[in-house]
Structure formats: structure tokens, C-alpha cells
$ cat upload-v1.cif   # mmCIF, C-alpha atoms and all ligand atoms
data_coords
loop_
_atom_site.label_atom_id
_atom_site.label_comp_id
_atom_site.auth_asym_id
_atom_site.auth_seq_id
_atom_site.Cartn_x
_atom_site.Cartn_y
_atom_site.Cartn_z
CA MET V 1 5.76 19.94 -13.94
CA LYS V 2 9.16 19.79 -12.33
CA ILE V 3 11.13 16.52 -12.40
CA ILE V 4 13.91 15.93 -9.89
CA HIS V 5 16.21 12.90 -9.72
CA SER V 6 18.68 13.84 -7.02
CA VAL V 7 18.24 14.06 -3.26
CA SER V 8 20.31 17.24 -2.98
CA GLU V 9 18.25 19.01 -5.64
CA LEU V 10 15.02 18.00 -3.91
CA ILE V 11 16.25 19.39 -0.58
CA ILE V 12 17.27 22.71 -2.16
CA PHE V 13 13.99 22.99 -4.05
CA ARG V 14 11.85 22.09 -1.01
CA ASN V 15 13.66 24.71 1.09
CA SER V 16 12.94 27.31 -1.55
CA LEU V 17 9.16 26.88 -1.20
CA ASP V 18 7.31 29.51 0.83
CA PRO V 19 6.53 28.06 4.31
CA ALA V 20 2.88 29.04 3.79
CA VAL V 21 2.58 26.62 0.87
CA LYS V 22 0.70 23.46 1.87
CA VAL V 23 2.61 20.48 0.52
CA ALA V 24 1.22 16.99 -0.12
CA LEU V 25 3.29 13.90 -0.84
CA VAL V 26 2.06 10.83 -2.74
CA PRO V 27 4.70 8.09 -2.40
CA THR V 28 4.49 5.45 -5.16
CA MET V 29 6.52 2.77 -6.87
CA GLY V 30 5.25 3.86 -10.29
CA ALA V 31 3.25 1.74 -12.77
CA LEU V 32 0.54 4.25 -11.96
CA HIS V 33 -3.14 3.37 -12.35
CA SER V 34 -6.51 4.85 -11.42
CA GLY V 35 -5.86 4.10 -7.75
CA HIS V 36 -2.84 6.43 -7.82
CA LEU V 37 -4.89 8.91 -9.83
CA ALA V 38 -7.40 9.05 -6.95
CA LEU V 39 -4.57 9.79 -4.48
CA LEU V 40 -3.20 12.55 -6.71
CA THR V 41 -6.61 14.09 -7.37
CA GLU V 42 -7.41 14.22 -3.65
CA ALA V 43 -3.96 15.65 -2.93
CA LYS V 44 -4.44 18.36 -5.57
CA GLU V 45 -7.74 19.31 -3.93
CA LYS V 46 -6.34 19.61 -0.42
CA ALA V 47 -2.82 20.99 -1.00
CA ASP V 48 -1.16 23.87 -2.84
CA PHE V 49 1.81 21.82 -4.04
CA VAL V 50 1.76 18.10 -4.83
CA ILE V 51 4.90 15.97 -4.91
CA ILE V 52 4.78 12.40 -6.20
CA SER V 53 7.73 10.07 -5.67
CA ILE V 54 8.28 7.20 -8.09
CA PHE V 55 10.77 4.76 -6.64
CA VAL V 56 10.76 0.95 -6.72
CA ASN V 57 12.22 0.53 -3.27
CA PRO V 58 14.57 -2.49 -3.16
CA LEU V 59 14.58 -2.46 0.64
CA GLN V 60 10.97 -3.67 0.82
CA PHE V 61 11.40 -6.68 -1.50
CA GLY V 62 12.43 -10.10 -0.20
CA GLN V 63 15.10 -12.17 -1.92
CA ASN V 64 12.73 -14.28 -4.01
CA GLU V 65 10.29 -11.49 -4.76
CA ASP V 66 9.57 -9.52 -7.93
CA LEU V 67 11.95 -6.53 -7.58
CA ASN V 68 13.51 -7.05 -11.01
CA LYS V 69 10.30 -7.68 -12.88
CA TYR V 70 8.19 -5.08 -11.02
CA PRO V 71 6.47 -3.06 -13.80
CA ARG V 72 8.27 0.15 -14.74
CA THR V 73 6.23 2.45 -17.00
CA LEU V 74 7.85 5.84 -16.47
CA GLU V 75 6.69 7.55 -19.67
CA ALA V 76 3.04 6.69 -19.07
CA ASP V 77 3.44 7.60 -15.38
CA LEU V 78 4.67 11.07 -16.29
CA GLU V 79 1.73 11.55 -18.69
CA LEU V 80 -0.69 10.63 -15.92
CA CYS V 81 1.03 13.04 -13.51
CA LYS V 82 0.80 15.84 -16.09
CA SER V 83 -2.89 15.14 -16.66
CA VAL V 84 -3.68 16.02 -13.03
CA ASN V 85 -1.18 18.88 -12.79
CA VAL V 86 1.21 17.29 -10.32
CA ASP V 87 3.75 19.95 -9.34
CA LEU V 88 6.86 17.87 -8.77
CA VAL V 89 7.90 14.30 -9.61
CA PHE V 90 10.78 12.87 -7.60
CA ILE V 91 12.39 9.91 -9.42
CA PRO V 92 15.58 8.90 -7.62
CA ASN V 93 17.62 5.82 -8.44
CA PRO V 94 18.57 3.36 -5.67
CA GLU V 95 22.15 4.73 -5.39
CA GLU V 96 20.73 8.18 -4.69
CA ILE V 97 18.54 6.84 -1.87
CA TYR V 98 20.92 4.20 -0.47
CA PRO V 99 24.39 5.59 -1.30
CA GLU V 100 26.24 3.14 0.94
CA SER V 101 24.18 0.08 -0.11
CA GLN V 102 20.83 -0.85 1.30
CA GLU V 103 22.32 -3.26 3.85
CA ASN V 104 24.37 -0.53 5.46
CA ILE V 105 21.62 1.81 6.60
CA THR V 106 19.64 2.70 9.71
CA LYS V 107 16.23 1.04 9.42
CA ILE V 108 12.87 1.58 11.05
CA ILE V 109 11.44 -1.31 13.06
CA PRO V 110 7.65 -1.29 12.67
CA ARG V 111 5.36 -2.02 15.63
CA GLU V 112 5.80 -5.74 15.99
CA LYS V 113 2.26 -6.51 17.13
CA VAL V 114 0.91 -5.06 13.89
CA ALA V 115 3.72 -5.94 11.47
CA ASN V 116 4.18 -9.62 12.17
CA TYR V 117 0.83 -10.90 10.86
CA LEU V 118 -0.85 -10.82 7.47
CA CYS V 119 1.67 -9.66 4.83
CA GLY V 120 4.43 -9.35 7.45
CA LYS V 121 4.31 -13.10 8.14
CA THR V 122 5.13 -14.05 4.54
CA ARG V 123 7.28 -10.99 3.87
CA PRO V 124 9.37 -10.66 7.07
CA ASN V 125 11.36 -7.44 6.39
CA HIS V 126 8.88 -5.85 4.04
CA PHE V 127 7.37 -3.30 6.41
CA SER V 128 10.73 -2.26 7.81
CA GLY V 129 11.71 -1.46 4.21
CA VAL V 130 8.46 0.41 3.62
CA LEU V 131 8.69 2.52 6.77
CA THR V 132 12.35 3.32 6.16
CA ILE V 133 11.72 4.67 2.66
CA VAL V 134 8.54 6.46 3.71
CA LEU V 135 10.35 8.23 6.55
CA LYS V 136 13.17 9.20 4.17
CA LEU V 137 10.64 10.57 1.68
CA PHE V 138 8.90 12.48 4.48
CA ASN V 139 12.23 13.99 5.56
CA LEU V 140 13.14 14.98 2.01
CA SER V 141 9.83 16.47 0.96
CA LEU V 142 8.59 17.75 4.35
CA PRO V 143 4.91 17.32 3.47
CA HIS V 144 1.97 18.56 5.52
CA LEU V 145 -0.20 15.77 4.08
CA ALA V 146 0.75 12.31 2.81
CA TYR V 147 -1.60 10.08 0.81
CA PHE V 148 -1.84 6.28 0.97
CA GLY V 149 -4.40 3.81 -0.39
CA GLU V 150 -6.49 1.57 1.85
CA LYS V 151 -5.71 -1.43 -0.36
CA ASP V 152 -2.43 -1.71 1.56
CA PHE V 153 -4.29 -1.36 4.85
CA GLN V 154 -1.58 -2.94 7.00
CA GLN V 155 0.99 -0.58 5.45
CA LEU V 156 -1.32 2.37 6.08
CA THR V 157 -1.81 1.30 9.72
CA LEU V 158 1.94 0.94 10.30
CA ILE V 159 2.65 4.33 8.71
CA ARG V 160 0.01 5.94 10.94
CA LEU V 161 1.61 4.30 13.97
CA MET V 162 5.09 5.45 12.90
CA VAL V 163 3.80 9.02 12.59
CA LYS V 164 2.29 8.75 16.08
CA ASP V 165 5.20 6.95 17.74
CA LEU V 166 7.91 9.18 16.24
CA ASN V 167 5.89 12.41 16.68
CA LEU V 168 5.99 13.30 13.00
CA ASN V 169 4.03 16.40 12.14
CA ILE V 170 2.32 14.95 9.06
CA GLN V 171 -1.32 14.21 8.41
CA ILE V 172 -1.86 10.78 6.89
CA MET V 173 -4.69 10.83 4.35
CA PRO V 174 -6.21 7.42 3.50
CA ILE V 175 -8.01 6.88 0.20
CA SER V 176 -10.56 4.09 -0.42
CA ILE V 177 -9.72 1.17 -2.66
CA ILE V 178 -10.31 1.80 -6.36
CA ARG V 179 -11.60 -1.26 -8.24
CA SER V 180 -11.98 -2.28 -11.87
CA ASP V 181 -15.55 -2.75 -13.17
CA SER V 182 -15.32 -6.43 -12.23
CA GLY V 183 -14.44 -5.55 -8.62
CA LEU V 184 -10.74 -6.44 -8.70
CA ALA V 185 -8.75 -4.01 -6.54
CA LEU V 186 -6.42 -1.99 -8.78
CA SER V 187 -2.76 -2.83 -8.29
CA SER V 188 0.40 -2.42 -10.34
CA ARG V 189 0.84 -6.20 -9.98
CA ASN V 190 -2.40 -6.81 -11.96
CA LYS V 191 -0.14 -6.27 -14.99
CA TYR V 192 1.23 -9.79 -14.35
CA LEU V 193 -2.23 -11.32 -15.07
CA ASN V 194 -3.47 -12.29 -18.54
CA SER V 195 -6.98 -11.31 -19.65
CA ASP V 196 -8.63 -14.56 -18.44
CA GLU V 197 -6.87 -14.31 -15.09
CA LEU V 198 -7.95 -10.69 -14.73
CA ILE V 199 -11.60 -11.78 -15.06
CA LYS V 200 -11.21 -14.70 -12.67
CA ALA V 201 -9.33 -12.60 -10.08
CA SER V 202 -12.53 -10.63 -9.45
CA GLN V 203 -13.62 -13.65 -7.38
CA ILE V 204 -11.40 -12.33 -4.60
CA TYR V 205 -13.68 -9.35 -4.11
CA SER V 206 -16.94 -11.26 -4.68
CA THR V 207 -15.81 -13.81 -2.08
CA LEU V 208 -15.04 -11.03 0.42
CA ILE V 209 -18.52 -9.56 -0.14
CA LYS V 210 -20.20 -12.97 0.29
CA THR V 211 -18.16 -13.69 3.44
CA ALA V 212 -19.07 -10.32 4.96
CA GLN V 213 -22.73 -11.03 4.20
CA ASN V 214 -22.50 -14.48 5.80
CA ILE V 215 -20.98 -12.97 8.96
CA LYS V 216 -23.61 -10.25 9.11
CA LYS V 217 -26.33 -12.91 8.73
CA GLY V 218 -24.95 -14.60 11.84
CA MET V 219 -22.54 -17.23 10.54
CA GLN V 220 -19.60 -17.83 12.92
CA ILE V 221 -16.64 -15.78 11.64
CA ASN V 222 -14.25 -18.72 11.58
CA ASN V 223 -16.74 -20.86 9.66
CA ALA V 224 -17.39 -18.09 7.13
CA LEU V 225 -13.63 -17.65 6.59
CA GLU V 226 -13.06 -21.40 6.26
CA PHE V 227 -15.87 -21.66 3.70
CA ALA V 228 -14.38 -18.77 1.68
CA ARG V 229 -10.87 -20.28 1.80
CA GLY V 230 -12.29 -23.56 0.50
CA SER V 231 -14.18 -22.01 -2.40
CA LEU V 232 -11.25 -19.82 -3.53
CA THR V 233 -8.86 -22.77 -3.31
CA LYS V 234 -11.22 -24.82 -5.52
CA GLU V 235 -11.08 -21.98 -8.09
CA GLY V 236 -7.28 -22.15 -8.29
CA PHE V 237 -6.26 -19.46 -5.78
CA THR V 238 -3.51 -20.28 -3.30
CA ILE V 239 -4.46 -18.61 -0.05
CA ASP V 240 -1.70 -16.87 1.90
CA TYR V 241 -4.19 -15.54 4.45
CA LEU V 242 -7.84 -14.71 4.83
CA GLU V 243 -8.54 -13.25 8.25
CA ALA V 244 -10.85 -10.91 10.10
CA ARG V 245 -8.99 -8.17 11.98
CA SER V 246 -9.88 -4.95 13.73
CA GLU V 247 -9.35 -1.69 11.85
CA ASN V 248 -7.48 0.08 14.65
CA ASP V 249 -4.69 -2.29 15.58
CA LEU V 250 -5.30 -5.30 13.33
CA GLU V 251 -6.15 -7.55 16.30
CA ILE V 252 -7.68 -10.84 15.19
CA ILE V 253 -11.48 -10.82 15.40
CA ASN V 254 -13.61 -13.83 16.19
CA ASN V 255 -17.06 -14.26 17.68
CA THR V 256 -15.78 -13.86 21.24
CA ASN V 257 -14.33 -10.34 20.89
CA LEU V 258 -16.68 -8.97 18.25
CA ILE V 259 -18.25 -6.24 20.38
CA ASN V 260 -18.62 -2.90 18.61
CA LEU V 261 -15.26 -3.21 16.90
CA PRO V 262 -14.97 -1.89 13.37
CA PHE V 263 -13.31 -4.72 11.50
CA ARG V 264 -12.28 -5.83 8.03
CA LEU V 265 -11.61 -9.00 6.11
CA PHE V 266 -8.02 -9.17 4.86
CA ILE V 267 -6.89 -11.46 2.07
CA ALA V 268 -3.70 -12.31 0.18
CA VAL V 269 -3.60 -14.97 -2.53
CA TYR V 270 -1.23 -16.22 -5.18
CA PHE V 271 -2.91 -16.53 -8.53
CA GLY V 272 -2.31 -17.26 -12.21
CA ALA V 273 0.57 -18.56 -14.29
CA ASN V 274 2.97 -16.05 -12.71
CA LYS V 275 1.79 -16.85 -9.16
CA THR V 276 0.99 -13.18 -8.72
CA ARG V 277 0.46 -12.08 -5.13
CA LEU V 278 -2.80 -10.14 -4.87
CA ILE V 279 -4.13 -8.49 -1.72
CA ASP V 280 -7.47 -6.94 -0.89
CA ASN V 281 -9.61 -6.04 2.12
CA LEU V 282 -13.21 -5.20 2.88
CA LYS V 283 -14.84 -3.40 5.78
CA VAL V 284 -17.47 -5.57 7.47
CA ILE V 285 -18.69 -3.23 10.23
O1 LIG F 1 2.57 1.35 -1.50
C1 LIG F 1 3.61 1.52 -2.16
O2 LIG F 1 3.57 1.73 -3.37
C2 LIG F 1 4.95 1.47 -1.46
O3 LIG F 1 4.96 0.52 -0.44
C3 LIG F 1 5.41 2.84 -0.93
C4 LIG F 1 4.48 3.37 0.14
C5 LIG F 1 5.48 3.83 -2.07
C6 LIG F 1 6.81 2.73 -0.32
O4 LIG F 1 7.73 2.27 -1.24
#
$ encode --input "upload-v1.cif" --output "C-alpha cells" --more "lines below"
Ligand code: PAF
Amino acid sequence: MKIIHSVSELIIFRNSLDPAVKVALVPTMGALHSGHLALLTEAKEKADFVIISIFVNPLQFGQNEDLNKYPRTLEADLELCKSVNVDLVFIPNPEEIYPESQENITKIIPREKVANYLCGKTRPNHFSGVLTIVLKLFNLSLPHLAYFGEKDFQQLTLIRLMVKDLNLNIQIMPISIIRSDSGLALSSRNKYLNSDELIKASQIYSTLIKTAQNIKKGMQINNALEFARGSLTKEGFTIDYLEARSENDLEIINNTNLINLPFRLFIAVYFGANKTRLIDNLKVI
């Protein structure tokens, strides 16, 4: 397994690969878990050469967010990469990626209609930071395929739209959410929760399931969402959002526009002693 830290070395190495080699990229911020493992395993199946990037991207963190305490577990990450025969690990430091400071850089503006709701409302420049680093990683590793998890569904949607809008020749490969036995969606941020909180946090998923069932049984969407917000709040969760939105363009869904539209429930909460931000989503139809 090759490990590269510098941008220039990655460019030289990528150019040395035979053009017939099918390359997949799995962009990550490290603290790898079984969700990342699923991305890597799929990538290994579909591509000849798998690159993973491990980079905690400062550009996508707001001022009062967890950039400094974001879990960094490089040794364990490298073990996990080896276990699935990843071909190349790209681990740049911020100076390598943003040599003139992250303020002084051309940035991608995500589609506003999709970026300004859900996570984008609470984290205003987050998706601009995500798309900027993702485009840079695409340009450096020139992948044919790029893998992203459906847990970050809004991120996945915005990346798909960037690929379409900017005519990038890359196939975006979504992977379903991987959950712990209790149902909690796997996330690097779960490391902030203690063992009791980890058990309790599974109520996010069980509430999504119950809400989807209520909607399918005929309950008005807004009432079902309000009921779910109330019960999670009673259990100690602080709701950032719980909404029903279409899968294609994340348009809000209510009982008036619910005709044959595949849609999902989207949730973000703050939970536990560390006020950890947890997100999840569930397909309803
Ligand atoms: O989903 C993530 O881990 C990050 O947002 C990504 C896509 C690696 C960009 O930093």
C-alpha cells in the first residue's frame, strides 16, 4: 500500500498509471469505521486501483465547530486500509492543500436551492468547503469512480449536482448507510458519545422508522414530524431539523405535493454531554 503526503507526488504518481487502469477515489476525513469499510470494499470490487484520501478539511468547519477535536486515528485507519488492500492512501496536511491559507482560495458555490436548507442552514459555508476539497481531490486523483455514503445525503446530492453542472467525467457511487446493531448510523462523531449515550442515540433511527410508518399509514406528514420532534425532545435530543424532502432535489415534501415522489426523512440533532451533532436519514417511498 502506497502512502503519499504531497500534492506534487500524487500528481506524478497518478500520471504514471496506465490510462486503462480504472481508478476509484474514496474521500474521507479519517477516523474510519465500518461505513468507510463498505465504501472501500465496493470500490475494490468495481475498480482496478483504489485511492483513499484522509484529510480533515478545515474549509468545511465553521468557527465554533469541532475541527480541533475531530477524531484523528491515523494508525488504525492505515490498518483498516491495509485489510481491504487499498492501493494508495493520500494524507496531505492543510498547508499542502491550501498553501496560501484557506481564506485566499477559489471556492465552489454549491447549488443554492439545495445547499441552503438542512445542514446548510446551521452550517452556512460547510458545503462550499466540501465541494471545494472534493473538486481538488478529483483533480488530483483523476478518478473514474468516486464513492460517498448516503448518510451525508445532502452532501452526496450536492456533489452529484457539481459533477453534472461542471461536466466532470466522474461516476458518483452512493453507498447505503451502515448502522450499528442498535440502528445508530455509523459516524466518526459517534466517538464523542459515552456508552449510555450510544445506546440512547439509537432512538434517532427508531423514531425515523416510526415516523415513516405513521406517514405510510396515512398520518399527515407535518403531524408525524411534529410528533417525532416532540418525543425526541422529551428524550433529551435537541432537534436542529427533522424534515421530509424529495430524494432528487431535496424539495420539501408535504401532503400537497406528495405525488409519486421518492422522498426521505432527514434529521440532525445535538445530543449528549458533548452536544454532538448527529445526522441520519431514511427513505420513506
Ligand atoms: O464526508 C466526508 O467525510 C467529507 O465531507 C469529505 C467528503 C471527505 C470532504 O472532506
$ residues_around --input "upload-v1.cif" --residues "stretch 50-58 of chain V" --least-positions-apart "2" --cutoff "9 Å" --atoms "only C-alpha atoms" --output "PyMOL selection string"
chain V and resi 22-31+40+43-44+47-48+60-62+67+70+72+74+77+81+85-94+102+129-130+133+137+141+143
$ closest_residue --input "upload-v1.cif" --among "V:Ser176, V:Ser6, V:Asn64, V:Ser83" --to "V:Ala38" --atoms "all atoms listed in the file"
V:Ser176
$ residues_around --input "upload-v1.cif" --residues "V:Ala185" --least-positions-apart "4" --cutoff "12 Å" --atoms "only C-alpha atoms" --output "number ranges by chain"
V: 33-35, 149-152, 176-181, 189-190, 198-199, 201-206, 208, 267-268, 278-282
$ atom_distance --input "upload-v1.cif" --atom1 "atom CA of V:Ala244" --atom2 "atom CA of V:Leu225"
8.1 Å
$ closest_residue --input "upload-v1.cif" --among "V:Leu265, V:Leu32, V:Val84, V:Leu242" --to "ligand LIG 1 (chain F)" --atoms "only C-alpha atoms and all ligand atoms"
V:Leu32
$ closest_residue --input "upload-v1.cif" --among "V:Pro124, V:Ala228, V:Lys283, V:Glu243" --to "V:Glu65" --atoms "all atoms listed in the file"
V:Pro124
$ decode --input "upload-v1.cif" --residues "stretch 81-95 of chain V" --atoms "all heavy atoms" --output "tab-separated table (two decimals), in the first residue's frame"
chain	number	residue	atom	x	y	z
V	81	CYS	N	-7.21	0.24	6.07
V	81	CYS	CA	-6.97	0.34	4.62
V	81	CYS	C	-6.21	-0.89	4.11
V	81	CYS	O	-6.53	-1.45	3.07
V	81	CYS	CB	-6.17	1.61	4.30
V	81	CYS	SG	-7.09	3.12	4.59
V	82	LYS	N	-5.21	-1.29	4.90
V	82	LYS	CA	-4.41	-2.48	4.51
V	82	LYS	C	-5.30	-3.72	4.44
V	82	LYS	O	-5.15	-4.54	3.56
V	82	LYS	CB	-3.30	-2.72	5.55
V	82	LYS	CG	-1.99	-2.08	5.18
V	82	LYS	CD	-0.88	-2.60	6.09
V	82	LYS	CE	0.14	-1.50	6.28
V	82	LYS	NZ	0.71	-1.44	7.62
V	83	SER	N	-6.23	-3.81	5.41
V	83	SER	CA	-7.05	-5.03	5.50
V	83	SER	C	-7.92	-5.23	4.25
V	83	SER	O	-8.35	-6.34	3.99
V	83	SER	CB	-7.91	-5.00	6.76
V	83	SER	OG	-8.99	-4.09	6.57
V	84	VAL	N	-8.19	-4.15	3.52
V	84	VAL	CA	-9.01	-4.32	2.30
V	84	VAL	C	-8.19	-4.02	1.04
V	84	VAL	O	-8.74	-3.78	-0.03
V	84	VAL	CB	-10.29	-3.45	2.32
V	84	VAL	CG1	-11.34	-4.06	3.22
V	84	VAL	CG2	-10.01	-2.02	2.72
V	85	ASN	N	-6.87	-4.05	1.22
V	85	ASN	CA	-5.96	-3.88	0.08
V	85	ASN	C	-6.16	-2.59	-0.70
V	85	ASN	O	-6.18	-2.59	-1.95
V	85	ASN	CB	-6.08	-5.06	-0.90
V	85	ASN	CG	-5.62	-6.34	-0.25
V	85	ASN	OD1	-4.65	-6.35	0.50
V	85	ASN	ND2	-6.35	-7.42	-0.50
V	86	VAL	N	-6.33	-1.50	0.03
V	86	VAL	CA	-6.35	-0.19	-0.63
V	86	VAL	C	-5.00	-0.03	-1.33
V	86	VAL	O	-3.96	-0.47	-0.83
V	86	VAL	CB	-6.56	0.92	0.42
V	86	VAL	CG1	-6.21	2.29	-0.12
V	86	VAL	CG2	-7.99	0.89	0.92
V	87	ASP	N	-5.00	0.62	-2.51
V	87	ASP	CA	-3.75	0.74	-3.25
V	87	ASP	C	-2.94	1.97	-2.84
V	87	ASP	O	-1.71	1.91	-2.79
V	87	ASP	CB	-4.07	0.79	-4.76
V	87	ASP	CG	-4.76	-0.48	-5.18
V	87	ASP	OD1	-4.07	-1.50	-5.34
V	87	ASP	OD2	-6.01	-0.48	-5.31
V	88	LEU	N	-3.64	3.06	-2.59
V	88	LEU	CA	-2.92	4.31	-2.28
V	88	LEU	C	-3.67	5.11	-1.23
V	88	LEU	O	-4.89	5.29	-1.34
V	88	LEU	CB	-2.78	5.13	-3.57
V	88	LEU	CG	-1.83	6.32	-3.60
V	88	LEU	CD1	-1.56	6.70	-5.05
V	88	LEU	CD2	-2.31	7.53	-2.86
V	89	VAL	N	-2.95	5.58	-0.23
V	89	VAL	CA	-3.55	6.47	0.78
V	89	VAL	C	-2.92	7.85	0.62
V	89	VAL	O	-1.70	7.99	0.67
V	89	VAL	CB	-3.28	5.96	2.22
V	89	VAL	CG1	-4.14	6.74	3.22
V	89	VAL	CG2	-3.55	4.48	2.34
V	90	PHE	N	-3.76	8.84	0.41
V	90	PHE	CA	-3.29	10.22	0.28
V	90	PHE	C	-3.59	10.95	1.58
V	90	PHE	O	-4.76	11.07	1.98
V	90	PHE	CB	-3.98	10.89	-0.92
V	90	PHE	CG	-3.61	12.33	-1.12
V	90	PHE	CD1	-2.27	12.73	-1.15
V	90	PHE	CD2	-4.59	13.30	-1.31
V	90	PHE	CE1	-1.92	14.06	-1.34
V	90	PHE	CE2	-4.26	14.63	-1.51
V	90	PHE	CZ	-2.92	15.01	-1.52
V	91	ILE	N	-2.54	11.39	2.28
V	91	ILE	CA	-2.72	12.02	3.60
V	91	ILE	C	-2.00	13.38	3.60
V	91	ILE	O	-0.89	13.50	4.13
V	91	ILE	CB	-2.11	11.16	4.74
V	91	ILE	CG1	-2.37	9.67	4.50
V	91	ILE	CG2	-2.64	11.60	6.10
V	91	ILE	CD1	-1.59	8.76	5.44
V	92	PRO	N	-2.60	14.37	2.98
V	92	PRO	CA	-1.91	15.68	2.95
V	92	PRO	C	-2.12	16.43	4.25
V	92	PRO	O	-3.04	16.13	5.01
V	92	PRO	CB	-2.65	16.40	1.81
V	92	PRO	CG	-4.02	15.82	1.84
V	92	PRO	CD	-3.91	14.40	2.33
V	93	ASN	N	-1.29	17.43	4.52
V	93	ASN	CA	-1.62	18.32	5.63
V	93	ASN	C	-2.25	19.59	5.04
V	93	ASN	O	-2.20	19.81	3.82
V	93	ASN	CB	-0.39	18.60	6.52
V	93	ASN	CG	0.71	19.27	5.74
V	93	ASN	OD1	0.44	20.04	4.81
V	93	ASN	ND2	1.94	19.00	6.09
V	94	PRO	N	-2.88	20.42	5.87
V	94	PRO	CA	-3.61	21.58	5.34
V	94	PRO	C	-2.73	22.51	4.49
V	94	PRO	O	-3.20	23.07	3.49
V	94	PRO	CB	-4.12	22.30	6.60
V	94	PRO	CG	-4.19	21.24	7.64
V	94	PRO	CD	-3.09	20.27	7.34
V	95	GLU	N	-1.45	22.67	4.86
V	95	GLU	CA	-0.56	23.58	4.10
V	95	GLU	C	-0.34	23.05	2.68
V	95	GLU	O	-0.14	23.82	1.74
V	95	GLU	CB	0.80	23.73	4.78
V	95	GLU	CG	0.78	24.45	6.12
V	95	GLU	CD	0.14	23.62	7.24
V	95	GLU	OE1	0.37	22.39	7.28
V	95	GLU	OE2	-0.61	24.19	8.04
